[in-house]
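K.L.:
A single structure is presented below for examination.
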Amino acid sequence: MKLICIGRNYADHIKELANERPKDPVVFIKPDSAILPKEQDFYIPEFSEEIHHEVEVLVKIKKVGKHIEEKFAPSYYDEIGLGIDFTARDLQSELKSKGLPWEKAKGFDGSAVIGKWVDKSKFNDLNDLDFSLSKNDEVVQQGNTNLMLWKIDGLIAYVSTFFTLKKGDILFTGTPAGVGKIVPNDYLAGKLQGHELFSVKIK
Ligand code: ZN
């Protein structure tokens, strides 16, 4: 399976990193080896001095599809989740400045935290979901899916023109503002519509 991730999908986050607002969604992939095993602590890798948290709403793909029309996208997922796209910002900045791919900064082991899944029928409107990340019990990132530049169904349509989506693939839909550095002994927890879906200790 693969993790398909969207960058620059919230205007406030584009601003905080002084990035350009993209014409099309920014897409990258993490390998399945990036998934942090459940209940495991996150160890800061030795190749980075600046690992950032990025909390993101997740969508689990339930069947194979290619060239999915936006109006049919809802039939390709039932479960919504929340996770973290850990990013080695120092390495990413270096790669970006050289015009090189981001994989080392985004796809390293443990860089994908995946929380509990919730059936989408539990929500009234997927384009109005509040979510947040707290660090040591203080809220550091807060967002709502209504602030996405590209919404879930549009993203599925877009990414499926390039990649065949398969059962079990996970879409990371981008992060709102408030990304920041983590250090050993930090404790992160993510909430979707007020319910905690994951927590992770930093080592
Ligand atoms: Zn991200």
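Chain labels follow the order of the structure tokens: the first chain is A, the next B, and so on; residue numbering restarts at 1 in every chain, and ligands are counted from 1 in their shown order.
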List every residue of chain A that has an atom at most 8 Å from any atom of ligand 1, giving for each one its closest atom pair and the distance in Å to one decimal, counting only C-alpha atoms and all ligand atoms, sorted by chain and then by ascending residue number, as a Markdown table.

P.N.:
| residue | atom | partner | partner_atom_place_in_ligand_line | distance |
| --- | --- | --- | --- | --- |
| A:Cys5 | CA | ligand 1 | 1 (Zn) | 6.6 |
| A:Ile6 | CA | ligand 1 | 1 (Zn) | 6.3 |
| A:Gly7 | CA | ligand 1 | 1 (Zn) | 5.4 |
| A:Arg8 | CA | ligand 1 | 1 (Zn) | 7.8 |
| A:Glu54 | CA | ligand 1 | 1 (Zn) | 5.4 |
| A:Val55 | CA | ligand 1 | 1 (Zn) | 7.3 |
| A:Glu56 | CA | ligand 1 | 1 (Zn) | 6.8 |
| A:Ile84 | CA | ligand 1 | 1 (Zn) | 7.5 |
| A:Asp85 | CA | ligand 1 | 1 (Zn) | 4.9 |
| A:Phe86 | CA | ligand 1 | 1 (Zn) | 7.4 |
| A:Thr87 | CA | ligand 1 | 1 (Zn) | 7.5 |
| A:Phe172 | CA | ligand 1 | 1 (Zn) | 7.0 |
| A:Thr173 | CA | ligand 1 | 1 (Zn) | 7.4 |
| A:Gly174 | CA | ligand 1 | 1 (Zn) | 4.7 |
| A:Thr175 | CA | ligand 1 | 1 (Zn) | 5.2 |

K.L.:
Using DSSP secondary structure from the backbone, list all helix (DSSP H, G or I) positions within region 11-118 of chain A, as a list of chain:residue names.

P.N.:
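Taking region 11-118 of chain A and keeping helix (DSSP H, G or I) gives A:Ala11, A:Asp12, A:His13, A:Ile14, A:Lys15, A:Glu16, A:Asp32, A:Ser33, A:Ala34, A:Glu70, A:Lys71, A:Phe72, A:Ala73, A:Pro74, A:Ser75, A:Tyr76, A:Arg89, A:Asp90, A:Leu91, A:Gln92, A:Ser93, A:Glu94, A:Leu95, A:Lys96, A:Ser97, A:Glu103, A:Lys104, A:Ala105, A:Lys106.
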
K.L.:
Restricting the calculation to only C-alpha atoms, which member of A:Lys167, A:Lys116, A:Lys181, A:His13 is positioned closest to Glu196 (chain A)?

P.N.:
A:Lys116

K.L.:
With DSSP run on the backbone, what are the strand (DSSP E or B) residues within region 2-203 of chain A? I'd like them as JSON, numbers by chain.

P.N.:
{"A": [3, 4, 5, 6, 7, 10, 26, 27, 28, 29, 30, 35, 42, 51, 52, 53, 55, 56, 57, 58, 59, 60, 61, 65, 77, 78, 79, 80, 81, 82, 83, 84, 85, 87, 88, 112, 113, 114, 118, 119, 130, 131, 132, 133, 134, 135, 138, 139, 140, 141, 142, 143, 144, 148, 165, 170, 171, 172, 180, 181, 187, 188, 189, 190, 191, 192, 195, 196, 197, 198, 199, 200, 201, 202]}

K.L.:
Could you write those residues out with C-alpha atoms, as a PDB file, in the first residue's frame?

P.N.:
ATOM      1  CA  LEU A   3       0.496   6.879   1.466  1.00  0.00           C
ATOM      2  CA  ILE A   4      -0.444   9.660  -0.916  1.00  0.00           C
ATOM      3  CA  CYS A   5       0.213  13.030   0.649  1.00  0.00           C
ATOM      4  CA  ILE A   6      -0.880  16.519  -0.278  1.00  0.00           C
ATOM      5  CA  GLY A   7       1.253  19.578   0.398  1.00  0.00           C
ATOM      6  CA  TYR A  10      -4.231  25.267   3.566  1.00  0.00           C
ATOM      7  CA  VAL A  26       1.274  19.337  -4.529  1.00  0.00           C
ATOM      8  CA  VAL A  27       1.506  15.544  -4.287  1.00  0.00           C
ATOM      9  CA  PHE A  28       4.152  13.242  -2.819  1.00  0.00           C
ATOM     10  CA  ILE A  29       4.237   9.628  -1.669  1.00  0.00           C
ATOM     11  CA  LYS A  30       5.509   7.982   1.468  1.00  0.00           C
ATOM     12  CA  ILE A  35       4.169   4.031   9.059  1.00  0.00           C
ATOM     13  CA  PHE A  42       8.722   8.226  17.635  1.00  0.00           C
ATOM     14  CA  ILE A  51      11.606  17.435  12.742  1.00  0.00           C
ATOM     15  CA  HIS A  52       8.258  19.215  12.401  1.00  0.00           C
ATOM     16  CA  HIS A  53       4.804  17.883  13.229  1.00  0.00           C
ATOM     17  CA  VAL A  55      -1.342  17.106  11.709  1.00  0.00           C
ATOM     18  CA  GLU A  56      -3.552  15.997   8.818  1.00  0.00           C
ATOM     19  CA  VAL A  57      -6.971  14.491   8.140  1.00  0.00           C
ATOM     20  CA  LEU A  58      -6.645  11.016   6.577  1.00  0.00           C
ATOM     21  CA  VAL A  59      -8.862   9.082   4.197  1.00  0.00           C
ATOM     22  CA  LYS A  60      -8.612   5.311   3.764  1.00  0.00           C
ATOM     23  CA  ILE A  61      -9.282   4.055   0.225  1.00  0.00           C
ATOM     24  CA  GLY A  65      -9.851   3.036  -8.826  1.00  0.00           C
ATOM     25  CA  TYR A  77     -13.832   5.502   1.063  1.00  0.00           C
ATOM     26  CA  ASP A  78     -15.750   4.846   4.268  1.00  0.00           C
ATOM     27  CA  GLU A  79     -13.188   5.741   6.910  1.00  0.00           C
ATOM     28  CA  ILE A  80     -11.745   9.063   8.006  1.00  0.00           C
ATOM     29  CA  GLY A  81      -8.808   9.420  10.353  1.00  0.00           C
ATOM     30  CA  LEU A  82      -6.177  11.764  11.679  1.00  0.00           C
ATOM     31  CA  GLY A  83      -2.414  11.474  11.653  1.00  0.00           C
ATOM     32  CA  ILE A  84       0.928  13.214  11.472  1.00  0.00           C
ATOM     33  CA  ASP A  85       3.161  13.775   8.484  1.00  0.00           C
ATOM     34  CA  THR A  87       8.846  16.219   8.175  1.00  0.00           C
ATOM     35  CA  ALA A  88      12.597  16.767   8.427  1.00  0.00           C
ATOM     36  CA  ALA A 112       3.617   8.626   9.218  1.00  0.00           C
ATOM     37  CA  VAL A 113       1.464   8.476  12.340  1.00  0.00           C
ATOM     38  CA  ILE A 114      -1.939   6.942  11.656  1.00  0.00           C
ATOM     39  CA  VAL A 118     -13.941   6.615  12.190  1.00  0.00           C
ATOM     40  CA  ASP A 119     -16.764   5.633   9.846  1.00  0.00           C
ATOM     41  CA  ASP A 130     -12.553  20.391  13.228  1.00  0.00           C
ATOM     42  CA  PHE A 131      -9.202  18.889  14.107  1.00  0.00           C
ATOM     43  CA  SER A 132      -6.262  19.813  16.270  1.00  0.00           C
ATOM     44  CA  LEU A 133      -2.893  18.740  17.558  1.00  0.00           C
ATOM     45  CA  SER A 134      -1.691  19.363  21.074  1.00  0.00           C
ATOM     46  CA  LYS A 135       1.906  19.254  22.252  1.00  0.00           C
ATOM     47  CA  GLU A 138      -1.164  22.791  24.658  1.00  0.00           C
ATOM     48  CA  VAL A 139      -2.953  23.128  21.305  1.00  0.00           C
ATOM     49  CA  VAL A 140      -0.374  23.946  18.610  1.00  0.00           C
ATOM     50  CA  GLN A 141      -2.295  23.268  15.386  1.00  0.00           C
ATOM     51  CA  GLN A 142      -5.965  23.772  14.692  1.00  0.00           C
ATOM     52  CA  GLY A 143      -7.825  23.381  11.427  1.00  0.00           C
ATOM     53  CA  ASN A 144     -11.109  22.657   9.741  1.00  0.00           C
ATOM     54  CA  MET A 148      -8.739  23.080   2.430  1.00  0.00           C
ATOM     55  CA  LEU A 165      -5.713   3.928  -5.926  1.00  0.00           C
ATOM     56  CA  ILE A 170      -4.191   6.295   2.685  1.00  0.00           C
ATOM     57  CA  LEU A 171      -4.566   9.901   1.605  1.00  0.00           C
ATOM     58  CA  PHE A 172      -2.927  12.583   3.791  1.00  0.00           C
ATOM     59  CA  GLY A 180       6.675  23.264  14.613  1.00  0.00           C
ATOM     60  CA  LYS A 181       9.692  21.462  15.920  1.00  0.00           C
ATOM     61  CA  TYR A 187       3.889  14.280  23.890  1.00  0.00           C
ATOM     62  CA  LEU A 188       1.608  14.833  20.904  1.00  0.00           C
ATOM     63  CA  ALA A 189      -2.107  14.077  20.703  1.00  0.00           C
ATOM     64  CA  GLY A 190      -4.546  14.603  17.837  1.00  0.00           C
ATOM     65  CA  LYS A 191      -8.277  15.200  17.995  1.00  0.00           C
ATOM     66  CA  LEU A 192     -10.926  15.054  15.292  1.00  0.00           C
ATOM     67  CA  HIS A 195     -12.289  12.882  19.896  1.00  0.00           C
ATOM     68  CA  GLU A 196      -8.700  11.863  20.470  1.00  0.00           C
ATOM     69  CA  LEU A 197      -7.591   9.552  17.637  1.00  0.00           C
ATOM     70  CA  PHE A 198      -3.874   9.234  18.397  1.00  0.00           C
ATOM     71  CA  SER A 199      -1.119  10.110  20.801  1.00  0.00           C
ATOM     72  CA  VAL A 200       2.613   9.694  20.413  1.00  0.00           C
ATOM     73  CA  LYS A 201       5.655  10.158  22.627  1.00  0.00           C
ATOM     74  CA  ILE A 202       8.831  11.637  21.190  1.00  0.00           C
TER      75      ILE A 202
END

K.L.:
Between CA of Lys62 (chain A) and CA of Pro74 (chain A), what is the distance in Å, rounded to a tenth?

P.N.:
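Interatomic distance, CA of Lys62 (chain A) to CA of Pro74 (chain A): 10.2 Å.
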
K.L.:
State, in Å with one decimal place, the distance from CA of Leu91 (chain A) to CA of Ala11 (chain A).

P.N.:
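Answer for the CA of Leu91 (chain A) to CA of Ala11 (chain A) separation: 22.8 Å.
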
K.L.:
Which residues, written as a short mmCIF file (atom, residue, chain, number, x, y, z; two decimals) with N, CA, C and O atoms, in the first residue's frame, have at least one atom at most 10 Å from Glu69 (chain A), with only C-alpha atoms counted and residues fewer than 4 positions away on the same chain left out?

P.N.:
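Contents of out.cif, freshly written:
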data_model
loop_
_atom_site.label_atom_id
_atom_site.label_comp_id
_atom_site.auth_asym_id
_atom_site.auth_seq_id
_atom_site.Cartn_x
_atom_site.Cartn_y
_atom_site.Cartn_z
N GLY A 65 -9.24 2.06 -7.93
CA GLY A 65 -9.85 3.04 -8.83
C GLY A 65 -8.82 3.88 -9.55
O GLY A 65 -7.74 4.16 -9.01
N ALA A 73 -16.23 9.96 -6.08
CA ALA A 73 -15.16 9.75 -5.10
C ALA A 73 -15.67 9.19 -3.76
O ALA A 73 -15.02 8.32 -3.18
N PRO A 74 -16.85 9.64 -3.26
CA PRO A 74 -17.30 9.12 -1.95
C PRO A 74 -17.47 7.60 -1.90
O PRO A 74 -17.38 7.00 -0.83
N ASP A 153 -12.90 14.99 -1.95
CA ASP A 153 -13.33 14.34 -3.19
C ASP A 153 -12.56 14.87 -4.40
O ASP A 153 -12.23 14.10 -5.31
N GLY A 154 -12.25 16.13 -4.39
CA GLY A 154 -11.45 16.71 -5.47
C GLY A 154 -10.04 16.15 -5.47
O GLY A 154 -9.44 15.92 -6.53
N ILE A 156 -9.14 13.15 -4.37
CA ILE A 156 -9.19 11.76 -4.85
C ILE A 156 -9.26 11.75 -6.38
O ILE A 156 -8.56 10.98 -7.04
N ALA A 157 -10.09 12.63 -6.93
CA ALA A 157 -10.19 12.71 -8.39
C ALA A 157 -8.82 13.08 -8.98
O ALA A 157 -8.35 12.45 -9.93
N TYR A 158 -8.18 14.07 -8.36
CA TYR A 158 -6.91 14.55 -8.90
C TYR A 158 -5.81 13.48 -8.82
O TYR A 158 -5.16 13.18 -9.82
N SER A 160 -5.99 10.33 -8.53
CA SER A 160 -6.26 9.09 -9.27
C SER A 160 -6.05 9.25 -10.78
O SER A 160 -6.12 8.28 -11.52
N THR A 161 -5.78 10.47 -11.23
CA THR A 161 -5.40 10.62 -12.64
C THR A 161 -3.94 10.24 -12.85
O THR A 161 -3.52 9.96 -13.96
#

K.L.:
Pro31 (chain A): which residues within 6 Å, counting only C-alpha atoms, same-chain residues fewer than 2 positions away excluded, as an mmCIF file with N, CA, C and O atoms, in the first residue's frame?

P.N.:
data_model
loop_
_atom_site.group_PDB
_atom_site.id
_atom_site.type_symbol
_atom_site.label_atom_id
_atom_site.label_comp_id
_atom_site.auth_asym_id
_atom_site.auth_seq_id
_atom_site.Cartn_x
_atom_site.Cartn_y
_atom_site.Cartn_z
ATOM 1 N N LYS A 2 0.252 2.351 -0.301
ATOM 2 C CA LYS A 2 1.015 3.603 -0.355
ATOM 3 C C LYS A 2 0.277 4.714 0.395
ATOM 4 O O LYS A 2 -0.936 4.644 0.601
ATOM 5 N N SER A 33 6.765 1.649 4.597
ATOM 6 C CA SER A 33 7.719 1.533 5.712
ATOM 7 C C SER A 33 7.766 2.804 6.566
ATOM 8 O O SER A 33 8.369 2.809 7.636
ATOM 9 N N ALA A 34 7.122 3.878 6.108
ATOM 10 C CA ALA A 34 7.093 5.128 6.883
ATOM 11 C C ALA A 34 6.096 5.065 8.044
ATOM 12 O O ALA A 34 6.136 5.905 8.951
#
